>>> print(open('final-v6.cif').read())   # mmCIF, C-alpha atoms
data_entry
#
loop_
_atom_site.group_PDB
_atom_site.id
_atom_site.type_symbol
_atom_site.label_atom_id
_atom_site.label_comp_id
_atom_site.auth_asym_id
_atom_site.auth_seq_id
_atom_site.Cartn_x
_atom_site.Cartn_y
_atom_site.Cartn_z
ATOM 1 C CA MET A 17 -3.001 27.559 -21.471
ATOM 2 C CA LYS A 18 -5.893 26.916 -19.074
ATOM 3 C CA THR A 19 -7.960 25.573 -21.956
ATOM 4 C CA ILE A 20 -5.707 22.533 -22.454
ATOM 5 C CA PRO A 21 -6.560 20.744 -19.174
ATOM 6 C CA LEU A 22 -10.180 21.776 -19.692
ATOM 7 C CA ILE A 23 -10.318 20.094 -23.104
ATOM 8 C CA LEU A 24 -8.512 16.989 -21.807
ATOM 9 C CA VAL A 25 -10.864 16.610 -18.890
ATOM 10 C CA THR A 26 -14.040 17.064 -20.871
ATOM 11 C CA THR A 27 -12.793 14.697 -23.546
ATOM 12 C CA PHE A 28 -12.145 11.833 -21.142
ATOM 13 C CA ALA A 29 -15.116 12.526 -18.908
ATOM 14 C CA THR A 30 -17.762 11.538 -21.366
ATOM 15 C CA ALA A 31 -20.426 10.449 -18.935
ATOM 16 C CA PHE A 32 -19.626 10.352 -15.400
ATOM 17 C CA VAL A 33 -20.237 14.967 -8.631
ATOM 18 C CA SER A 34 -18.753 14.405 -5.572
ATOM 19 C CA GLU A 35 -19.397 14.965 -1.898
ATOM 20 C CA ALA A 36 -16.510 17.439 -2.064
ATOM 21 C CA LYS A 37 -17.231 21.159 -1.876
ATOM 22 C CA PRO A 38 -19.203 22.450 -4.895
ATOM 23 C CA LEU A 39 -17.316 25.780 -4.927
ATOM 24 C CA SER A 40 -13.743 26.614 -5.769
ATOM 25 C CA TYR A 41 -11.831 29.874 -5.207
ATOM 26 C CA VAL A 42 -12.881 32.984 -7.163
ATOM 27 C CA GLY A 43 -11.696 32.608 -10.747
ATOM 28 C CA GLY A 44 -11.203 28.879 -10.337
ATOM 29 C CA THR A 45 -12.697 26.220 -12.590
ATOM 30 C CA MET A 46 -13.675 22.900 -11.108
ATOM 31 C CA VAL A 47 -14.430 19.613 -12.816
ATOM 32 C CA MET A 48 -16.083 16.862 -10.772
ATOM 33 C CA GLN A 49 -16.910 13.401 -11.934
ATOM 34 C CA GLU A 50 -18.773 10.730 -10.033
ATOM 35 C CA ASN A 51 -19.141 7.181 -11.187
ATOM 36 C CA ASP A 52 -21.086 5.092 -8.680
ATOM 37 C CA GLU A 53 -24.103 2.872 -8.158
ATOM 38 C CA THR A 54 -26.507 5.778 -8.896
ATOM 39 C CA GLY A 55 -25.002 6.357 -12.337
ATOM 40 C CA HIS A 56 -22.454 8.635 -13.922
ATOM 41 C CA THR A 57 -22.252 12.372 -13.278
ATOM 42 C CA LEU A 58 -20.101 15.115 -14.693
ATOM 43 C CA SER A 59 -20.139 18.749 -13.624
ATOM 44 C CA LEU A 60 -18.027 21.647 -14.760
ATOM 45 C CA ASP A 61 -18.231 24.858 -12.704
ATOM 46 C CA TYR A 62 -16.642 28.293 -12.663
ATOM 47 C CA THR A 63 -16.575 30.153 -9.334
ATOM 48 C CA PHE A 64 -17.299 33.805 -9.979
ATOM 49 C CA THR A 65 -17.891 35.170 -6.463
ATOM 50 C CA PRO A 66 -16.791 33.836 -3.041
ATOM 51 C CA THR A 67 -20.249 32.302 -2.656
ATOM 52 C CA GLU A 68 -21.404 31.341 -6.146
ATOM 53 C CA ALA A 69 -20.343 29.030 -8.945
ATOM 54 C CA PHE A 70 -22.077 28.469 -12.259
ATOM 55 C CA GLY A 71 -21.694 25.540 -14.613
ATOM 56 C CA ILE A 72 -23.179 22.496 -16.270
ATOM 57 C CA TYR A 73 -24.427 19.246 -14.789
ATOM 58 C CA ILE A 74 -24.791 16.035 -16.771
ATOM 59 C CA LYS A 75 -26.056 12.782 -15.301
ATOM 60 C CA GLN A 76 -26.755 9.349 -16.713
ATOM 61 C CA GLU A 77 -28.778 7.554 -14.057
ATOM 62 C CA GLU A 78 -28.637 3.794 -13.519
ATOM 63 C CA ASN A 79 -30.000 1.221 -11.054
ATOM 64 C CA GLY A 80 -33.561 2.276 -11.868
ATOM 65 C CA LYS A 81 -34.770 4.271 -14.844
ATOM 66 C CA ASP A 82 -31.854 5.086 -17.157
ATOM 67 C CA ILE A 83 -32.557 8.821 -17.246
ATOM 68 C CA PHE A 84 -30.190 11.258 -18.907
ATOM 69 C CA MET A 85 -30.163 14.787 -17.426
ATOM 70 C CA PHE A 86 -28.475 17.874 -18.840
ATOM 71 C CA THR A 87 -28.870 21.115 -16.877
ATOM 72 C CA PRO A 88 -27.036 24.354 -16.257
ATOM 73 C CA GLU A 89 -26.412 24.543 -12.497
ATOM 74 C CA ILE A 90 -25.715 27.161 -9.869
ATOM 75 C CA ASN A 91 -23.937 26.328 -6.613
ATOM 76 C CA THR A 92 -24.335 28.719 -3.691
ATOM 77 C CA LEU A 93 -22.591 28.875 -0.345
ATOM 78 C CA LEU A 94 -25.485 29.763 1.967
ATOM 79 C CA LYS A 95 -23.554 29.805 5.234
ATOM 80 C CA ARG A 96 -20.019 29.156 6.430
ATOM 81 C CA TRP A 97 -18.672 28.820 9.954
ATOM 82 C CA ASN A 98 -14.916 29.355 10.149
ATOM 83 C CA LEU A 99 -13.910 27.803 13.437
ATOM 84 C CA PRO A 100 -10.465 27.665 15.056
ATOM 85 C CA ASP A 101 -10.144 23.960 14.311
ATOM 86 C CA GLY A 102 -12.707 23.309 11.646
ATOM 87 C CA GLN A 103 -15.110 24.582 9.079
ATOM 88 C CA GLY A 104 -18.853 24.099 8.606
ATOM 89 C CA ASN A 105 -20.822 24.893 5.470
ATOM 90 C CA ILE A 106 -24.288 24.818 4.009
ATOM 91 C CA PHE A 107 -24.453 24.822 0.225
ATOM 92 C CA ASN A 108 -27.304 24.737 -2.251
ATOM 93 C CA MET A 109 -26.894 23.269 -5.696
ATOM 94 C CA SER A 110 -29.723 23.722 -8.210
ATOM 95 C CA GLY A 111 -30.236 23.083 -11.892
ATOM 96 C CA ALA A 112 -32.873 23.448 -14.610
ATOM 97 C CA GLY A 113 -32.669 21.799 -18.025
ATOM 98 C CA VAL A 114 -33.751 18.681 -19.895
ATOM 99 C CA ALA A 115 -34.229 15.046 -18.922
ATOM 100 C CA THR A 116 -34.537 12.206 -21.451
ATOM 101 C CA TYR A 117 -35.855 8.688 -20.962
ATOM 102 C CA ARG A 118 -36.470 6.382 -23.922
ATOM 103 C CA GLY A 119 -36.856 9.276 -26.343
ATOM 104 C CA ASN A 120 -39.181 11.195 -24.051
ATOM 105 C CA ASN A 121 -37.774 14.662 -23.389
ATOM 106 C CA GLN A 122 -39.052 16.422 -20.293
ATOM 107 C CA PRO A 123 -38.120 19.535 -18.346
ATOM 108 C CA SER A 124 -35.762 18.790 -15.501
ATOM 109 C CA LEU A 125 -35.519 20.659 -12.217
ATOM 110 C CA TRP A 126 -33.393 19.610 -9.280
ATOM 111 C CA THR A 127 -32.076 21.091 -6.077
ATOM 112 C CA ALA A 128 -29.843 19.735 -3.317
ATOM 113 C CA PHE A 129 -28.532 21.027 -0.005
ATOM 114 C CA LEU A 130 -25.148 19.989 1.331
ATOM 115 C CA ALA A 131 -24.252 20.501 4.991
ATOM 116 C CA ASP A 132 -20.724 19.579 5.989
ATOM 117 C CA TYR A 133 -18.256 19.897 8.833
ATOM 118 C CA GLU A 134 -14.564 19.286 8.368
ATOM 119 C CA SER A 135 -11.602 19.433 10.684
ATOM 120 C CA ARG A 136 -8.156 18.110 9.922
ATOM 121 C CA ARG A 137 -9.197 14.812 11.497
ATOM 122 C CA TRP A 138 -12.983 14.489 10.955
ATOM 123 C CA PHE A 139 -15.404 14.897 8.088
ATOM 124 C CA LEU A 140 -19.219 14.801 8.264
ATOM 125 C CA SER A 141 -21.756 15.617 5.573
ATOM 126 C CA TYR A 142 -25.445 15.275 4.783
ATOM 127 C CA GLU A 143 -27.105 15.956 1.455
ATOM 128 C CA PRO A 144 -30.823 15.751 0.630
ATOM 129 C CA ARG A 145 -31.614 15.947 -3.117
ATOM 130 C CA PHE A 146 -34.934 16.678 -4.847
ATOM 131 C CA VAL A 147 -35.434 15.881 -8.550
ATOM 132 C CA TRP A 148 -38.405 16.592 -10.832
ATOM 133 C CA ASN A 149 -38.088 15.266 -14.364
ATOM 134 C CA GLY A 150 -41.587 16.031 -15.739
ATOM 135 C CA ASP A 151 -43.617 12.849 -16.132
ATOM 136 C CA ILE A 152 -40.469 10.673 -16.120
ATOM 137 C CA GLU A 153 -39.559 10.775 -12.453
ATOM 138 C CA LYS A 154 -40.044 12.674 -9.232
ATOM 139 C CA SER A 155 -37.597 11.617 -6.541
ATOM 140 C CA VAL A 156 -36.144 12.515 -3.194
ATOM 141 C CA SER A 157 -32.856 11.010 -2.094
ATOM 142 C CA GLN A 158 -30.375 11.600 0.680
ATOM 143 C CA ARG A 159 -26.713 10.906 1.320
ATOM 144 C CA ALA A 160 -24.598 11.030 4.469
ATOM 145 C CA ARG A 161 -20.880 10.626 4.969
ATOM 146 C CA ILE A 162 -18.465 10.279 7.842
ATOM 147 C CA GLY A 163 -14.704 10.290 7.434
ATOM 148 C CA ILE A 164 -11.522 10.145 9.481
ATOM 149 C CA ALA A 165 -8.004 11.081 8.449
ATOM 150 C CA PRO A 166 -5.552 8.377 9.547
ATOM 151 C CA TYR A 167 -2.775 10.980 9.713
ATOM 152 C CA LEU A 168 -2.764 14.814 9.764
ATOM 153 C CA ALA A 169 -1.281 15.916 6.485
ATOM 154 C CA ASN A 170 0.260 19.287 5.770
ATOM 155 C CA TYR A 171 -0.338 21.455 2.724
ATOM 156 C CA ASN A 172 2.208 19.783 0.479
ATOM 157 C CA ASP A 173 1.437 16.220 1.591
ATOM 158 C CA LEU A 174 -0.865 13.653 0.119
ATOM 159 C CA ASN A 175 -4.049 13.763 2.223
ATOM 160 C CA ALA A 176 -5.838 10.488 2.903
ATOM 161 C CA TRP A 177 -9.297 9.865 4.357
ATOM 162 C CA ILE A 178 -11.164 6.702 5.243
ATOM 163 C CA MET A 179 -14.854 7.346 4.672
ATOM 164 C CA PHE A 180 -18.220 5.658 4.913
ATOM 165 C CA GLN A 181 -21.169 6.771 2.805
ATOM 166 C CA VAL A 182 -24.829 5.820 3.112
ATOM 167 C CA ASP A 183 -27.314 6.560 0.342
ATOM 168 C CA HIS A 184 -31.097 6.382 0.607
ATOM 169 C CA HIS A 185 -32.869 6.653 -2.722
ATOM 170 C CA PRO A 186 -36.377 5.168 -2.810
ATOM 171 C CA ALA A 187 -36.621 5.564 -6.625
ATOM 172 C CA LYS A 188 -33.788 3.079 -7.196
ATOM 173 C CA HIS A 189 -33.836 -0.716 -7.041
ATOM 174 C CA ASP A 190 -31.670 -0.705 -3.902
ATOM 175 C CA HIS A 191 -33.172 1.764 -1.455
ATOM 176 C CA PHE A 192 -30.292 1.799 1.029
ATOM 177 C CA VAL A 193 -26.700 1.513 -0.145
ATOM 178 C CA ALA A 194 -23.563 1.662 1.986
ATOM 179 C CA THR A 195 -20.188 2.468 0.459
ATOM 180 C CA PRO A 196 -16.870 2.386 2.294
ATOM 181 C CA LEU A 197 -14.333 4.452 0.401
ATOM 182 C CA ILE A 198 -10.908 5.998 0.453
ATOM 183 C CA ARG A 199 -10.399 9.656 -0.439
ATOM 184 C CA LEU A 200 -6.993 10.872 -1.527
ATOM 185 C CA PHE A 201 -6.126 14.405 -2.438
ATOM 186 C CA TYR A 202 -3.107 16.455 -3.177
ATOM 187 C CA LYS A 203 -3.683 20.222 -3.240
ATOM 188 C CA THR A 204 -6.498 20.578 -5.787
ATOM 189 C CA TYR A 205 -6.535 17.032 -7.149
ATOM 190 C CA LEU A 206 -9.008 14.731 -5.448
ATOM 191 C CA PHE A 207 -9.653 11.042 -6.074
ATOM 192 C CA GLU A 208 -12.045 8.623 -4.370
ATOM 193 C CA ILE A 209 -12.438 4.901 -4.743
ATOM 194 C CA GLY A 210 -14.967 2.679 -3.007
ATOM 195 C CA TYR A 211 -17.128 -0.396 -3.295
ATOM 196 C CA SER A 212 -20.841 -0.322 -2.550
ATOM 197 C CA SER A 213 -23.041 -2.862 -0.737
ATOM 198 C CA ASN A 214 -24.855 -3.475 -4.019
ATOM 199 C CA GLN A 215 -21.560 -4.381 -5.643
ATOM 200 C CA HIS A 216 -20.694 -1.309 -7.680
ATOM 201 C CA ILE A 217 -17.281 0.309 -7.854
ATOM 202 C CA MET A 218 -17.193 4.000 -6.968
ATOM 203 C CA LEU A 219 -14.669 6.149 -8.791
ATOM 204 C CA ASN A 220 -14.879 9.909 -8.199
ATOM 205 C CA TRP A 221 -12.454 12.668 -8.970
ATOM 206 C CA GLN A 222 -12.267 16.436 -8.805
ATOM 207 C CA ILE A 223 -9.781 18.895 -10.244
ATOM 208 C CA GLN A 224 -9.588 22.642 -9.651
ATOM 209 C CA PHE A 225 -7.529 24.908 -11.867
ATOM 210 C CA MET B 292 33.504 61.609 10.622
ATOM 211 C CA ASN B 293 30.339 63.392 9.493
ATOM 212 C CA LYS B 294 30.704 61.869 6.037
ATOM 213 C CA LYS B 295 30.791 58.334 7.476
ATOM 214 C CA LEU B 296 27.767 59.039 9.654
ATOM 215 C CA ILE B 297 25.783 60.383 6.712
ATOM 216 C CA THR B 298 26.732 57.349 4.612
ATOM 217 C CA LEU B 299 25.588 55.019 7.404
ATOM 218 C CA ILE B 300 22.295 56.869 7.811
ATOM 219 C CA ILE B 301 21.650 56.748 4.055
ATOM 220 C CA ALA B 302 22.557 53.055 3.871
ATOM 221 C CA PHE B 303 20.289 52.243 6.794
ATOM 222 C CA GLY B 304 17.507 54.278 5.256
ATOM 223 C CA LEU B 305 17.856 52.546 1.895
ATOM 224 C CA THR B 306 17.877 49.119 3.541
ATOM 225 C CA THR B 307 14.682 49.975 5.354
ATOM 226 C CA ILE B 308 13.068 51.266 2.198
ATOM 227 C CA VAL B 309 13.942 48.307 -0.073
ATOM 228 C CA SER B 310 13.728 45.455 2.441
ATOM 229 C CA ALA B 311 11.009 42.893 2.053
ATOM 230 C CA GLU B 312 8.527 42.193 4.784
ATOM 231 C CA THR B 313 7.472 38.817 6.108
ATOM 232 C CA ILE B 314 3.907 38.680 7.392
ATOM 233 C CA HIS B 315 2.359 35.797 9.307
ATOM 234 C CA THR B 316 -1.383 35.558 9.646
ATOM 235 C CA THR B 317 -3.566 32.848 11.096
ATOM 236 C CA VAL B 318 -6.656 31.857 9.129
ATOM 237 C CA ASN B 319 -9.675 30.323 10.849
ATOM 238 C CA GLY B 320 -11.407 27.653 8.796
ATOM 239 C CA MET B 321 -8.316 26.704 6.808
ATOM 240 C CA VAL B 322 -8.366 22.989 7.451
ATOM 241 C CA CYS B 323 -7.484 21.401 4.148
ATOM 242 C CA ALA B 324 -5.324 21.847 1.083
ATOM 243 C CA PHE B 325 -8.386 22.678 -1.011
ATOM 244 C CA CYS B 326 -9.135 25.663 1.266
ATOM 245 C CA ALA B 327 -5.503 26.722 1.425
ATOM 246 C CA THR B 328 -5.036 26.714 -2.339
ATOM 247 C CA GLY B 329 -7.671 29.402 -2.785
ATOM 248 C CA ILE B 330 -6.023 31.588 -0.160
ATOM 249 C CA GLU B 331 -2.562 31.005 -1.595
ATOM 250 C CA LYS B 332 -3.649 31.816 -5.141
ATOM 251 C CA THR B 333 -5.504 34.969 -4.114
ATOM 252 C CA PHE B 334 -2.461 36.268 -2.196
ATOM 253 C CA ARG B 335 -0.176 35.447 -5.125
ATOM 254 C CA LYS B 336 -2.316 37.640 -7.385
ATOM 255 C CA GLN B 337 -1.427 40.710 -5.261
ATOM 256 C CA PRO B 338 1.370 42.724 -6.951
ATOM 257 C CA GLU B 339 3.069 43.356 -3.580
ATOM 258 C CA VAL B 340 3.501 39.651 -2.853
ATOM 259 C CA GLU B 341 6.725 37.775 -3.621
ATOM 260 C CA SER B 342 5.875 34.375 -2.123
ATOM 261 C CA VAL B 343 3.252 32.627 -0.021
ATOM 262 C CA LYS B 344 3.705 29.637 2.293
ATOM 263 C CA VAL B 345 0.899 27.701 3.948
ATOM 264 C CA ASP B 346 1.218 25.677 7.155
ATOM 265 C CA LEU B 347 -1.948 23.733 7.930
ATOM 266 C CA PRO B 348 -1.090 22.512 11.479
ATOM 267 C CA SER B 349 -0.642 26.101 12.725
ATOM 268 C CA LYS B 350 -3.334 27.436 10.337
ATOM 269 C CA GLN B 351 -0.790 30.035 9.335
ATOM 270 C CA VAL B 352 -0.110 31.766 6.024
ATOM 271 C CA THR B 353 3.309 33.392 5.628
ATOM 272 C CA ILE B 354 3.507 36.145 3.034
ATOM 273 C CA LYS B 355 6.816 37.586 1.857
ATOM 274 C CA THR B 356 6.443 40.922 0.112
ATOM 275 C CA ARG B 357 8.556 42.292 -2.721
ATOM 276 C CA PRO B 358 11.405 44.625 -1.682
ATOM 277 C CA GLY B 359 10.038 47.990 -0.616
ATOM 278 C CA LYS B 360 6.444 46.745 -0.663
ATOM 279 C CA THR B 361 4.025 45.954 2.118
ATOM 280 C CA LEU B 362 0.494 44.737 2.601
ATOM 281 C CA SER B 363 -1.737 46.568 5.019
ATOM 282 C CA ASP B 364 -3.747 44.701 7.662
ATOM 283 C CA ALA B 365 -6.897 45.820 5.868
ATOM 284 C CA LYS B 366 -5.672 44.338 2.576
ATOM 285 C CA ILE B 367 -4.742 41.035 4.219
ATOM 286 C CA LYS B 368 -8.170 40.847 5.849
ATOM 287 C CA GLU B 369 -9.789 41.637 2.501
ATOM 288 C CA VAL B 370 -7.930 38.800 0.753
ATOM 289 C CA VAL B 371 -8.688 36.267 3.496
ATOM 290 C CA THR B 372 -12.372 37.268 3.637
ATOM 291 C CA TYR B 373 -12.637 37.249 -0.174
ATOM 292 C CA SER B 374 -11.286 33.702 -0.129
ATOM 293 C CA GLY B 375 -14.114 32.730 2.221
ATOM 294 C CA TYR B 376 -12.224 32.557 5.538
ATOM 295 C CA THR B 377 -11.720 34.543 8.745
ATOM 296 C CA MET B 378 -8.445 36.251 9.613
ATOM 297 C CA GLY B 379 -6.743 35.727 12.976
ATOM 298 C CA LYS B 380 -3.805 37.733 14.305
ATOM 299 C CA ILE B 381 -1.074 39.273 12.159
ATOM 300 C CA VAL B 382 2.650 39.250 13.028
ATOM 301 C CA ARG B 383 5.118 41.251 10.938
ATOM 302 C CA GLU B 384 8.888 40.972 10.674
ATOM 303 C CA LYS B 385 11.359 42.886 8.526
#
>>> encode(input="final-v6.cif", output="structure tokens")
Amino acid sequence: MKTIPLILVTTFATAFVSEAKPLSYVGGTMVMQENDETGHTLSLDYTFTPTEAFGIYIKQEENGKDIFMFTPEINTLLKRWNLPDGQGNIFNMSGAGVATYRGNNQPSLWTAFLADYESRRWFLSYEPRFVWNGDIEKSVSQRARIGIAPYLANYNDLNAWIMFQVDHHPAKHDHFVATPLIRLFYKTYLFEIGYSSNQHIMLNWQIQF
Amino acid sequence: MNKKLITLIIAFGLTTIVSAETIHTTVNGMVCAFCATGIEKTFRKQPEVESVKVDLPSKQVTIKTRPGKTLSDAKIKEVVTYSGYTMGKIVREK
């Protein structure tokens, strides 16, 4: 039964990861798709311990070299602070696989750290990312987000967030990009839509099942 | 007279044995529906659990057990910790 949504998701998500948490609950499968000014990313992960998820990461980069990356990935919760009114986390996401640019296949290695803090009202995150695609590209980029919930939703309500994201990626044509966005989620279904300062629509989604 | 008393004692005893328990526990770090879903699903997997209700404003999870079943404090802590969170206080009611 669980295979049906999995097939549907992977069928429609042909090329498109989100600033949402890279880990689900133990035994949960998570599909994340990000479609923004940096390109299109798809990741599919299975959480097998409270602190580790394993999956695949596919990215078609744009706004620079059109590099295609395909790597298995492992997401690790390095540290969590469970506070009375909030939660803080540090995650590491890393992958090793293949990168392709104009027929040139190269080994691909990447790693990223995600630090976030979330209360029912506020959201803050920072993510530095390091990519080595053989002789195709070596890059360092960073992303930060701040968000506020206009109302405090309960478990069975639609949750809404107004967010602002800033990207710094020196390897791209536009080094600094700002993206105001709206995040909506209901239980384990998350959707984000935004519009970047370099005039690209952001469409991200995440499903856990 | 004795017969009625014995019947009452047996009935009371049976009620106690088969009654379900409602357990409230606060969970630190449970701030969003994404977090709560993991906790809810992990509790639902426990054979002793009949239903689970999450209330985000009070950070409280309410667990109703099956008749005659209970969940120990240690088990509740294990589930909450396994889900990645920290357990607060536990309140039980029959």
>>> residues_around(input="final-v6.cif", residues="B:Thr377", least_positions_apart="3", cutoff="9 Å", atoms="all atoms listed in the file", output="VMD selection string")
(chain A and resid 98 to 99) or (chain B and resid 317 to 321 368 371 to 372 374)
>>> resolve_selection(input="final-v6.cif", expression="the PyMOL selection byres ((chain B) within 12 of (chain A))", output="PyMOL selection string")
chain B and resi 317-334+336+344-352+369-379
>>> atom_distance(input="final-v6.cif", atom1="atom CA of A:Val114", atom2="atom CA of A:Gly150")
9.3 Å
>>> atom_distance(input="final-v6.cif", atom1="atom CA of A:Leu125", atom2="atom CA of A:Phe146")
8.4 Å
>>> atom_distance(input="final-v6.cif", atom1="atom CA of A:Glu78", atom2="atom CA of A:Tyr211")
16.0 Å
>>> closest_residue(input="final-v6.cif", among="A:Thr92, A:Asn51, A:Thr116, A:Ser110", to="A:Ile72", atoms="all atoms listed in the file")
A:Ser110
>>> residues_near_point(input="final-v6.cif", point="(-18.1, 10.4, 14.4)", cutoff="8 Å", atoms="only C-alpha atoms", output="ChimeraX atom specification")
/A:138,140,162-163
>>> axis_aligned_box(input="final-v6.cif", around="stretch 184-197 of chain A", padding_each_side="3 Å", output="JSON")
{"center_x": -25.5, "center_y": 3.0, "center_z": -2.5, "size_x": 28.3, "size_y": 13.4, "size_z": 15.5}
>>> closest_residue(input="final-v6.cif", among="B:Lys295, B:Arg383, B:Ala365, B:Glu312", to="B:Glu341", atoms="all atoms listed in the file")
B:Glu312
>>> closest_residue(input="final-v6.cif", among="A:Ile223, A:Ala160, A:Ile178, A:Ile217", to="A:Phe192", atoms="all atoms listed in the file")
A:Ala160
>>> build_atoms(input="final-v6.cif", residues="stretch 180-200 of chain A", atoms="N, CA and C atoms", output="PDB file, in the frame of the given file")
ATOM      1  N   PHE A 180     -17.092   6.580   5.030  1.00  0.00           N
ATOM      2  CA  PHE A 180     -18.220   5.658   4.913  1.00  0.00           C
ATOM      3  C   PHE A 180     -19.439   6.456   4.478  1.00  0.00           C
ATOM      4  N   GLN A 181     -20.036   6.034   3.381  1.00  0.00           N
ATOM      5  CA  GLN A 181     -21.169   6.771   2.805  1.00  0.00           C
ATOM      6  C   GLN A 181     -22.420   5.908   2.821  1.00  0.00           C
ATOM      7  N   VAL A 182     -23.539   6.520   3.169  1.00  0.00           N
ATOM      8  CA  VAL A 182     -24.829   5.820   3.112  1.00  0.00           C
ATOM      9  C   VAL A 182     -25.764   6.628   2.220  1.00  0.00           C
ATOM     10  N   ASP A 183     -26.345   5.938   1.247  1.00  0.00           N
ATOM     11  CA  ASP A 183     -27.314   6.560   0.342  1.00  0.00           C
ATOM     12  C   ASP A 183     -28.693   5.975   0.589  1.00  0.00           C
ATOM     13  N   HIS A 184     -29.704   6.835   0.541  1.00  0.00           N
ATOM     14  CA  HIS A 184     -31.097   6.382   0.607  1.00  0.00           C
ATOM     15  C   HIS A 184     -31.816   6.994  -0.587  1.00  0.00           C
ATOM     16  N   HIS A 185     -32.167   6.139  -1.534  1.00  0.00           N
ATOM     17  CA  HIS A 185     -32.869   6.653  -2.722  1.00  0.00           C
ATOM     18  C   HIS A 185     -34.008   5.707  -3.078  1.00  0.00           C
ATOM     19  N   PRO A 186     -35.220   6.048  -2.603  1.00  0.00           N
ATOM     20  CA  PRO A 186     -36.377   5.168  -2.810  1.00  0.00           C
ATOM     21  C   PRO A 186     -36.705   4.900  -4.274  1.00  0.00           C
ATOM     22  N   ALA A 187     -36.282   5.764  -5.208  1.00  0.00           N
ATOM     23  CA  ALA A 187     -36.621   5.564  -6.625  1.00  0.00           C
ATOM     24  C   ALA A 187     -35.741   4.510  -7.292  1.00  0.00           C
ATOM     25  N   LYS A 188     -34.696   4.065  -6.602  1.00  0.00           N
ATOM     26  CA  LYS A 188     -33.788   3.079  -7.196  1.00  0.00           C
ATOM     27  C   LYS A 188     -34.176   1.659  -6.757  1.00  0.00           C
ATOM     28  N   HIS A 189     -33.562   0.676  -7.413  1.00  0.00           N
ATOM     29  CA  HIS A 189     -33.836  -0.716  -7.041  1.00  0.00           C
ATOM     30  C   HIS A 189     -33.391  -0.994  -5.596  1.00  0.00           C
ATOM     31  N   ASP A 190     -32.205  -0.506  -5.249  1.00  0.00           N
ATOM     32  CA  ASP A 190     -31.670  -0.705  -3.902  1.00  0.00           C
ATOM     33  C   ASP A 190     -31.878   0.579  -3.107  1.00  0.00           C
ATOM     34  N   HIS A 191     -32.815   0.524  -2.154  1.00  0.00           N
ATOM     35  CA  HIS A 191     -33.172   1.764  -1.455  1.00  0.00           C
ATOM     36  C   HIS A 191     -32.060   2.298  -0.567  1.00  0.00           C
ATOM     37  N   PHE A 192     -31.403   1.399   0.162  1.00  0.00           N
ATOM     38  CA  PHE A 192     -30.292   1.799   1.029  1.00  0.00           C
ATOM     39  C   PHE A 192     -29.000   1.176   0.502  1.00  0.00           C
ATOM     40  N   VAL A 193     -27.988   2.011   0.337  1.00  0.00           N
ATOM     41  CA  VAL A 193     -26.700   1.513  -0.145  1.00  0.00           C
ATOM     42  C   VAL A 193     -25.589   2.087   0.718  1.00  0.00           C
ATOM     43  N   ALA A 194     -24.712   1.219   1.181  1.00  0.00           N
ATOM     44  CA  ALA A 194     -23.563   1.662   1.986  1.00  0.00           C
ATOM     45  C   ALA A 194     -22.292   1.520   1.151  1.00  0.00           C
ATOM     46  N   THR A 195     -21.429   2.517   1.242  1.00  0.00           N
ATOM     47  CA  THR A 195     -20.188   2.468   0.459  1.00  0.00           C
ATOM     48  C   THR A 195     -18.993   2.908   1.295  1.00  0.00           C
ATOM     49  N   PRO A 196     -18.143   1.981   1.696  1.00  0.00           N
ATOM     50  CA  PRO A 196     -16.870   2.386   2.294  1.00  0.00           C
ATOM     51  C   PRO A 196     -15.935   2.867   1.179  1.00  0.00           C
ATOM     52  N   LEU A 197     -15.185   3.901   1.456  1.00  0.00           N
ATOM     53  CA  LEU A 197     -14.333   4.452   0.401  1.00  0.00           C
ATOM     54  C   LEU A 197     -13.072   5.096   0.966  1.00  0.00           C
ATOM     55  N   ILE A 198     -12.139   5.289   0.091  1.00  0.00           N
ATOM     56  CA  ILE A 198     -10.908   5.998   0.453  1.00  0.00           C
ATOM     57  C   ILE A 198     -10.840   7.258  -0.399  1.00  0.00           C
ATOM     58  N   ARG A 199     -10.587   8.384   0.273  1.00  0.00           N
ATOM     59  CA  ARG A 199     -10.399   9.656  -0.439  1.00  0.00           C
ATOM     60  C   ARG A 199      -8.938  10.049  -0.348  1.00  0.00           C
ATOM     61  N   LEU A 200      -8.366  10.376  -1.484  1.00  0.00           N
ATOM     62  CA  LEU A 200      -6.993  10.872  -1.527  1.00  0.00           C
ATOM     63  C   LEU A 200      -7.005  12.225  -2.211  1.00  0.00           C
TER      64      LEU A 200
END
